[in-house]
file protein.txt (compact mmCIF, C-alpha atoms)
# COMPACT_ATOMS: atom_id res chain seq x y z
CA MET N 1 32.35 -39.70 142.03
CA LEU N 2 33.61 -42.80 140.22
CA TRP N 3 30.06 -43.72 139.20
CA TYR N 4 29.42 -40.24 137.83
CA LYS N 5 32.73 -40.24 135.98
CA ALA N 6 31.91 -43.58 134.34
CA TRP N 7 28.45 -42.27 133.41
CA LEU N 8 29.95 -39.16 131.79
CA GLU N 9 32.24 -41.35 129.70
CA THR N 10 29.47 -43.53 128.29
CA ARG N 11 26.30 -41.46 128.51
CA TRP N 12 26.05 -40.40 124.86
CA ARG N 13 26.63 -43.92 123.58
CA PHE N 14 23.97 -45.16 125.96
CA LEU N 15 21.41 -42.48 125.15
CA ILE N 16 21.90 -42.81 121.39
CA GLY N 17 21.59 -46.58 121.67
CA LEU N 18 18.42 -46.28 123.75
CA LEU N 19 16.81 -43.91 121.25
CA MET N 20 17.75 -46.11 118.30
CA LEU N 21 16.52 -49.32 119.89
CA VAL N 22 13.26 -47.84 121.16
CA GLY N 23 12.60 -46.10 117.84
CA SER N 24 13.34 -49.29 115.93
CA ALA N 25 11.05 -51.31 118.20
CA ILE N 26 8.15 -48.88 117.78
CA GLY N 27 8.62 -48.76 114.02
CA LEU N 28 8.67 -52.55 113.77
CA VAL N 29 5.36 -52.82 115.64
CA MET N 30 3.65 -50.07 113.67
CA VAL N 31 4.42 -51.57 110.25
CA TYR N 32 2.91 -54.97 111.11
CA PRO N 33 -0.50 -54.21 109.52
CA ARG N 34 1.30 -53.37 106.29
CA VAL N 35 3.25 -56.62 106.52
CA LEU N 36 -0.02 -58.54 106.75
CA GLU N 37 -1.31 -56.74 103.67
CA LEU N 38 1.76 -57.78 101.69
CA MET N 39 1.71 -61.36 102.92
CA PRO N 40 -0.20 -62.77 99.90
CA LEU N 41 2.58 -61.54 97.64
CA ALA N 42 5.09 -63.73 99.50
CA ASN N 43 3.34 -66.81 98.14
CA ASN N 44 4.27 -65.74 94.62
CA VAL N 45 7.98 -65.33 95.33
CA ASP N 46 9.89 -67.85 93.25
CA VAL N 47 13.48 -67.61 94.42
CA GLY N 48 15.63 -70.67 94.90
CA GLY N 49 18.54 -71.40 97.19
CA GLU N 50 19.19 -70.04 100.66
CA ILE N 51 17.69 -66.62 99.91
CA GLY N 52 14.40 -68.14 98.82
CA ARG N 53 14.31 -70.36 101.88
CA ARG N 54 14.85 -67.39 104.19
CA ILE N 55 12.14 -65.35 102.46
CA ARG N 56 9.64 -68.16 102.80
CA GLU N 57 10.62 -68.78 106.43
CA ALA N 58 10.26 -65.09 107.31
CA ALA N 59 6.89 -64.92 105.57
CA GLU N 60 5.62 -67.98 107.39
CA LEU N 61 6.75 -66.68 110.78
CA SER N 62 5.24 -63.25 110.12
CA ARG N 63 1.73 -64.68 109.71
CA ASP N 64 1.66 -64.82 113.50
CA TYR N 65 2.47 -61.67 115.50
CA ARG N 66 4.69 -63.50 117.98
CA GLY N 67 6.62 -65.07 115.11
CA TYR N 68 6.91 -61.70 113.40
CA VAL N 69 8.35 -60.02 116.51
CA TRP N 70 10.82 -62.81 117.07
CA SER N 71 12.02 -63.11 113.46
CA GLN N 72 12.28 -59.39 112.78
CA TRP N 73 13.25 -58.04 116.20
CA PHE N 74 14.81 -60.62 118.48
CA ARG N 75 16.61 -62.52 115.71
CA GLN N 76 17.66 -59.51 113.62
CA ASN N 77 17.37 -55.92 114.84
CA LEU N 78 18.07 -56.57 118.52
CA VAL N 79 20.96 -58.90 117.76
CA GLU N 80 22.62 -56.40 115.41
CA LEU N 81 22.04 -53.22 117.42
CA GLY N 82 22.57 -54.98 120.74
CA THR N 83 25.96 -56.28 119.66
CA LEU N 84 27.01 -52.89 118.30
CA PHE N 85 26.12 -50.95 121.45
CA ALA N 86 27.49 -53.62 123.76
CA VAL N 87 30.85 -53.08 122.08
CA LEU N 88 30.49 -49.28 122.14
CA LEU N 89 29.71 -49.31 125.86
CA GLY N 90 32.67 -51.60 126.53
CA ILE N 91 35.40 -49.60 124.83
CA GLY N 92 37.27 -46.89 126.68
CA GLY N 93 38.17 -46.86 130.33
CA LEU N 94 41.36 -46.03 132.19
CA VAL N 95 43.90 -47.09 129.55
CA ALA N 96 42.19 -45.01 126.86
CA GLN N 97 42.45 -41.86 128.99
CA ARG N 98 45.32 -39.59 128.16
CA GLY N 99 47.47 -37.02 129.93
CA ASP N 100 46.00 -35.22 132.91
CA ALA N 101 42.76 -37.23 132.85
CA ALA N 102 44.60 -40.52 133.41
CA LEU N 103 46.86 -39.02 136.08
CA PHE N 104 43.86 -37.56 137.90
CA THR N 105 42.02 -40.89 137.86
CA LEU N 106 45.07 -42.77 139.14
CA SER N 107 45.58 -40.21 141.91
CA LEU N 108 42.14 -40.89 143.40
CA PRO N 109 42.18 -42.71 146.76
CA VAL N 110 40.79 -45.93 145.30
CA SER N 111 42.35 -49.13 144.04
CA ARG N 112 42.60 -50.07 140.39
CA SER N 113 40.20 -52.93 141.00
CA GLN N 114 37.62 -50.42 142.21
CA LEU N 115 38.13 -48.32 139.10
CA VAL N 116 37.55 -51.36 136.93
CA SER N 117 34.58 -52.58 138.96
CA VAL N 118 32.74 -49.26 138.80
CA ARG N 119 33.37 -48.78 135.07
CA VAL N 120 32.16 -52.32 134.33
CA ALA N 121 29.13 -52.00 136.63
CA VAL N 122 27.99 -48.77 134.97
CA GLY N 123 28.48 -50.21 131.50
CA LEU N 124 26.58 -53.39 132.34
CA ALA N 125 23.75 -51.41 133.94
CA GLU N 126 23.42 -49.34 130.77
CA LEU N 127 23.52 -52.48 128.63
CA PHE N 128 20.80 -54.04 130.78
CA VAL N 129 18.56 -51.02 130.22
CA LEU N 130 19.19 -51.23 126.46
CA CYS N 131 18.13 -54.88 126.51
CA VAL N 132 15.03 -54.45 128.67
CA VAL N 133 13.37 -51.15 127.73
CA PRO N 134 12.78 -51.81 123.98
CA GLN N 135 11.19 -55.17 124.79
CA ILE N 136 8.79 -53.51 127.25
CA VAL N 137 8.03 -50.89 124.62
CA ILE N 138 7.00 -53.63 122.18
CA SER N 139 4.52 -55.00 124.72
CA LEU N 140 3.14 -51.53 125.45
CA VAL N 141 2.81 -50.43 121.81
CA SER N 142 1.40 -53.68 120.39
CA PRO N 143 -2.26 -52.87 121.26
CA ALA N 144 -1.99 -49.85 118.93
CA VAL N 145 -1.99 -52.29 115.98
CA GLY N 146 -4.56 -54.64 117.47
CA GLN N 147 -2.00 -57.14 118.77
CA SER N 148 -0.56 -58.15 122.10
CA TYR N 149 2.84 -59.34 123.24
CA PRO N 150 3.21 -60.73 126.80
CA VAL N 151 5.49 -58.76 129.08
CA GLY N 152 6.77 -62.04 130.54
CA ASP N 153 7.98 -63.21 127.13
CA ALA N 154 9.56 -59.81 126.53
CA LEU N 155 11.50 -60.01 129.80
CA VAL N 156 12.72 -63.55 129.10
CA HIS N 157 14.06 -62.44 125.72
CA ALA N 158 15.60 -59.38 127.37
CA LEU N 159 17.45 -61.62 129.84
CA CYS N 160 18.80 -63.80 127.03
CA ALA N 161 19.87 -60.74 125.05
CA PHE N 162 21.63 -59.17 128.04
CA VAL N 163 23.58 -62.28 129.04
CA ALA N 164 24.77 -62.87 125.48
CA ALA N 165 25.53 -59.20 124.75
CA THR N 166 27.66 -59.08 127.90
CA VAL N 167 30.20 -61.28 126.08
CA PHE N 168 30.81 -58.54 123.50
CA PHE N 169 30.88 -55.85 126.17
CA SER N 170 33.48 -57.82 128.13
CA LEU N 171 35.60 -58.49 125.05
CA ALA N 172 35.57 -54.81 124.12
CA TYR N 173 36.55 -53.82 127.64
CA LEU N 174 39.37 -56.37 127.71
CA LEU N 175 40.72 -55.06 124.40
CA SER N 176 40.51 -51.53 125.82
CA THR N 177 42.97 -52.57 128.54
CA VAL N 178 45.39 -53.75 125.87
CA PHE N 179 45.20 -50.88 123.36
CA SER N 180 45.34 -47.19 124.27
CA ASP N 181 42.97 -46.06 121.50
CA VAL N 182 39.29 -46.80 120.95
CA TRP N 183 39.41 -47.81 117.29
CA ARG N 184 41.33 -51.05 117.56
CA PRO N 185 39.14 -52.49 120.34
CA LEU N 186 36.05 -51.42 118.39
CA LEU N 187 37.11 -52.96 115.10
CA ILE N 188 38.53 -56.16 116.63
CA ALA N 189 35.43 -56.77 118.75
CA LEU N 190 33.08 -56.17 115.82
CA GLY N 191 35.24 -58.35 113.60
CA PHE N 192 35.08 -61.12 116.19
CA ALA N 193 31.28 -60.77 116.33
CA LEU N 194 31.06 -61.07 112.54
CA ALA N 195 33.30 -64.14 112.51
CA LEU N 196 31.24 -65.71 115.29
CA ALA N 197 28.03 -65.06 113.38
CA CYS N 198 29.47 -66.79 110.31
CA LEU N 199 30.62 -69.72 112.45
CA GLU N 200 27.17 -70.18 113.95
CA GLN N 201 25.58 -69.89 110.53
CA PHE N 202 27.70 -72.38 108.63
CA VAL N 203 29.06 -74.86 111.19
CA ASP N 204 26.63 -77.59 112.20
CA GLY N 205 25.95 -77.67 115.92
CA ALA N 206 27.71 -74.35 116.64
CA SER N 207 24.44 -72.45 116.90
CA ARG N 208 23.10 -74.67 119.68
CA ILE N 209 25.15 -72.86 122.32
CA GLY N 210 26.20 -69.91 120.15
CA VAL N 211 26.10 -66.38 121.51
CA PHE N 212 23.72 -65.12 118.83
CA GLU N 213 21.41 -68.09 119.26
CA VAL N 214 21.23 -67.27 122.96
CA MET N 215 20.79 -63.56 122.26
CA SER N 216 17.77 -64.18 120.03
CA GLY N 217 16.15 -66.50 122.58
CA ALA N 218 15.51 -69.01 119.78
CA SER N 219 14.98 -72.02 122.04
CA TYR N 220 12.51 -70.11 124.19
CA PHE N 221 10.56 -69.06 121.10
CA ARG N 222 10.50 -72.55 119.61
CA THR N 223 10.14 -74.76 122.68
CA GLY N 224 9.41 -72.47 125.63
CA SER N 225 12.64 -73.48 127.41
CA LEU N 226 15.56 -71.24 128.27
CA PRO N 227 18.94 -71.95 126.62
CA TRP N 228 20.55 -72.85 129.92
CA LEU N 229 23.75 -74.24 128.43
CA GLY N 230 24.23 -71.23 126.21
CA LEU N 231 23.51 -68.86 129.10
CA PHE N 232 26.08 -70.68 131.23
CA PHE N 233 28.81 -70.51 128.57
CA SER N 234 28.05 -66.84 127.86
CA THR N 235 28.25 -65.97 131.55
CA ALA N 236 31.48 -67.94 131.99
CA ALA N 237 33.05 -66.30 128.95
CA SER N 238 32.10 -62.81 130.17
CA ALA N 239 33.49 -63.49 133.64
CA ALA N 240 36.77 -64.78 132.21
CA LEU N 241 37.15 -61.76 129.91
CA LEU N 242 36.44 -59.28 132.71
CA TYR N 243 38.85 -61.08 135.03
CA ALA N 244 41.57 -60.81 132.38
CA ALA N 245 40.76 -57.12 131.92
CA ALA N 246 41.08 -56.46 135.66
CA ALA N 247 44.40 -58.33 135.73
CA ASN N 248 45.68 -56.24 132.81
CA VAL N 249 44.82 -52.97 134.53
CA ALA N 250 46.33 -54.14 137.83
CA SER N 251 49.66 -55.05 136.21
CA ARG N 252 49.89 -52.21 133.71
CA ASP N 253 52.60 -49.57 134.13
CA PHE N 254 50.99 -46.20 133.55
call {"tool": "encode", "arguments": {"input": "protein.txt", "output": "structure tokens"}}
result
Amino acid sequence: MLWYKAWLETRWRFLIGLLMLVGSAIGLVMVYPRVLELMPLANNVDVGGEIGRRIREAAELSRDYRGYVWSQWFRQNLVELGTLFAVLLGIGGLVAQRGDAALFTLSLPVSRSQLVSVRVAVGLAELFVLCVVPQIVISLVSPAVGQSYPVGDALVHALCAFVAATVFFSLAYLLSTVFSDVWRPLLIALGFALALACLEQFVDGASRIGVFEVMSGASYFRTGSLPWLGLFFSTAASAALLYAAAANVASRDF
């Protein structure tokens, strides 16, 4: 019953996220032939500064299908949508319930730790599906445009994305044990993600173990090695946030 209750709470966020991610992945693959047609025009772009550098980098990466998928999907679309839906899946829970719903949940013959564990497990399972399925879709759809993308590479990137996105899920869930509404946890978690992205972008060395660097699987794309240090720090941060959330629920006076 607890599993079904947690599913009912998050199902529409999950299903909408799955449709958006899968649709975005299919669209990105299908436009690749058009990208190749426009590639000669990139050589004529004369823009200076950081914007010009990024345009030239994206154009150079897109000459190769693997580079195109990484630069446009794993480094951009997946990072942005993955972060958003990790936060959306994390918000809510027992504290956000009101009136009879909260009283009914608390009256169930289960401990508060069980309530937290089931809600977190369902949310993480949904997040895992969101991280894995679109990557598999890219591998399956790629032959339609005369390209191929290894399923093994897709799964490695999915693992990196899931571990890193779990940080934002855990933060959102922790905030949901502090505030009784859904808007403050949502806005604070997204604001934190934006600040973290700016930090990784502008502070030298921060991106090496940064959450978004891990989420994009940059080191695997460039060198073929997993970002073990970043994965460790992301896992440790998620565990600490979830432990704090469980402690909040256990000590809270409803």
call {"tool": "residues_around", "arguments": {"input": "protein.txt", "residues": "N:Ile26", "least_positions_apart": "3", "cutoff": "7 Å", "atoms": "only C-alpha atoms", "output": "MDAnalysis selection string"}}
result
chainID N and resid 22:23 29:30 138 141
call {"tool": "closest_residue", "arguments": {"input": "protein.txt", "among": "N:Arg66, N:Arg222, N:His157, N:Arg34", "to": "N:Ile136", "atoms": "all atoms listed in the file"}}
result
N:His157
call {"tool": "atom_distance", "arguments": {"input": "protein.txt", "atom1": "atom CA of N:Ser62", "atom2": "atom CA of N:Ala197"}}
result
23.1 Å
call {"tool": "atom_distance", "arguments": {"input": "protein.txt", "atom1": "atom CA of N:Pro33", "atom2": "atom CA of N:Val137"}}
result
17.7 Å
call {"tool": "residues_near_point", "arguments": {"input": "protein.txt", "point": "(14.7, -53.1, 112.1)", "cutoff": "9 Å", "atoms": "all atoms listed in the file", "output": "ChimeraX atom specification"}}
result
/N:21,24-25,27-28,72-73,76-78
call {"tool": "axis_aligned_box", "arguments": {"input": "protein.txt", "around": "stretch 119-129 of chain N", "padding_each_side": "4 Å", "output": "AutoDock Vina command-line options"}}
result
--center_x 26.0 --center_y -51.4 --center_z 132.6 --size_x 22.8 --size_y 13.3 --size_z 16.0
call {"tool": "residues_around", "arguments": {"input": "protein.txt", "residues": "N:Leu175", "least_positions_apart": "5", "cutoff": "12 Å", "atoms": "only C-alpha atoms", "output": "number ranges by chain"}}
result
N: 87-88, 90-96, 168-170, 180-190, 192, 241-242, 244-246, 248-249
call {"tool": "write_last_selection", "arguments": {"input": "protein.txt", "atoms": "C-alpha atoms", "output": "PDB file, in the coordinates of the input"}}
result
ATOM      1  CA  VAL N  87      30.850 -53.080 122.080  1.00  0.00           C
ATOM      2  CA  LEU N  88      30.490 -49.280 122.140  1.00  0.00           C
ATOM      3  CA  GLY N  90      32.670 -51.600 126.530  1.00  0.00           C
ATOM      4  CA  ILE N  91      35.400 -49.600 124.830  1.00  0.00           C
ATOM      5  CA  GLY N  92      37.270 -46.890 126.680  1.00  0.00           C
ATOM      6  CA  GLY N  93      38.170 -46.860 130.330  1.00  0.00           C
ATOM      7  CA  LEU N  94      41.360 -46.030 132.190  1.00  0.00           C
ATOM      8  CA  VAL N  95      43.900 -47.090 129.550  1.00  0.00           C
ATOM      9  CA  ALA N  96      42.190 -45.010 126.860  1.00  0.00           C
ATOM     10  CA  PHE N 168      30.810 -58.540 123.500  1.00  0.00           C
ATOM     11  CA  PHE N 169      30.880 -55.850 126.170  1.00  0.00           C
ATOM     12  CA  SER N 170      33.480 -57.820 128.130  1.00  0.00           C
ATOM     13  CA  SER N 180      45.340 -47.190 124.270  1.00  0.00           C
ATOM     14  CA  ASP N 181      42.970 -46.060 121.500  1.00  0.00           C
ATOM     15  CA  VAL N 182      39.290 -46.800 120.950  1.00  0.00           C
ATOM     16  CA  TRP N 183      39.410 -47.810 117.290  1.00  0.00           C
ATOM     17  CA  ARG N 184      41.330 -51.050 117.560  1.00  0.00           C
ATOM     18  CA  PRO N 185      39.140 -52.490 120.340  1.00  0.00           C
ATOM     19  CA  LEU N 186      36.050 -51.420 118.390  1.00  0.00           C
ATOM     20  CA  LEU N 187      37.110 -52.960 115.100  1.00  0.00           C
ATOM     21  CA  ILE N 188      38.530 -56.160 116.630  1.00  0.00           C
ATOM     22  CA  ALA N 189      35.430 -56.770 118.750  1.00  0.00           C
ATOM     23  CA  LEU N 190      33.080 -56.170 115.820  1.00  0.00           C
ATOM     24  CA  PHE N 192      35.080 -61.120 116.190  1.00  0.00           C
ATOM     25  CA  LEU N 241      37.150 -61.760 129.910  1.00  0.00           C
ATOM     26  CA  LEU N 242      36.440 -59.280 132.710  1.00  0.00           C
ATOM     27  CA  ALA N 244      41.570 -60.810 132.380  1.00  0.00           C
ATOM     28  CA  ALA N 245      40.760 -57.120 131.920  1.00  0.00           C
ATOM     29  CA  ALA N 246      41.080 -56.460 135.660  1.00  0.00           C
ATOM     30  CA  ASN N 248      45.680 -56.240 132.810  1.00  0.00           C
ATOM     31  CA  VAL N 249      44.820 -52.970 134.530  1.00  0.00           C
TER      32      VAL N 249
END
call {"tool": "closest_residue", "arguments": {"input": "protein.txt", "among": "N:Ser251, N:Gly82, N:Gln114, N:Gly217", "to": "N:Pro134", "atoms": "only C-alpha atoms"}}
result
N:Gly82
call {"tool": "residues_near_point", "arguments": {"input": "protein.txt", "point": "(22.3, -68.9, 121.1)", "cutoff": "12 Å", "atoms": "all atoms listed in the file", "output": "MDAnalysis selection string"}}
result
chainID N and resid 74:75 79 157 160:165 196:197 200:201 205:221 226:234
call {"tool": "closest_residue", "arguments": {"input": "protein.txt", "among": "N:Trp12, N:Tyr243, N:Phe128, N:Trp70", "to": "N:Asp153", "atoms": "all atoms listed in the file"}}
result
N:Trp70
call {"tool": "atom_distance", "arguments": {"input": "protein.txt", "atom1": "atom CA of N:Arg63", "atom2": "atom CA of N:Leu36"}}
result
7.0 Å
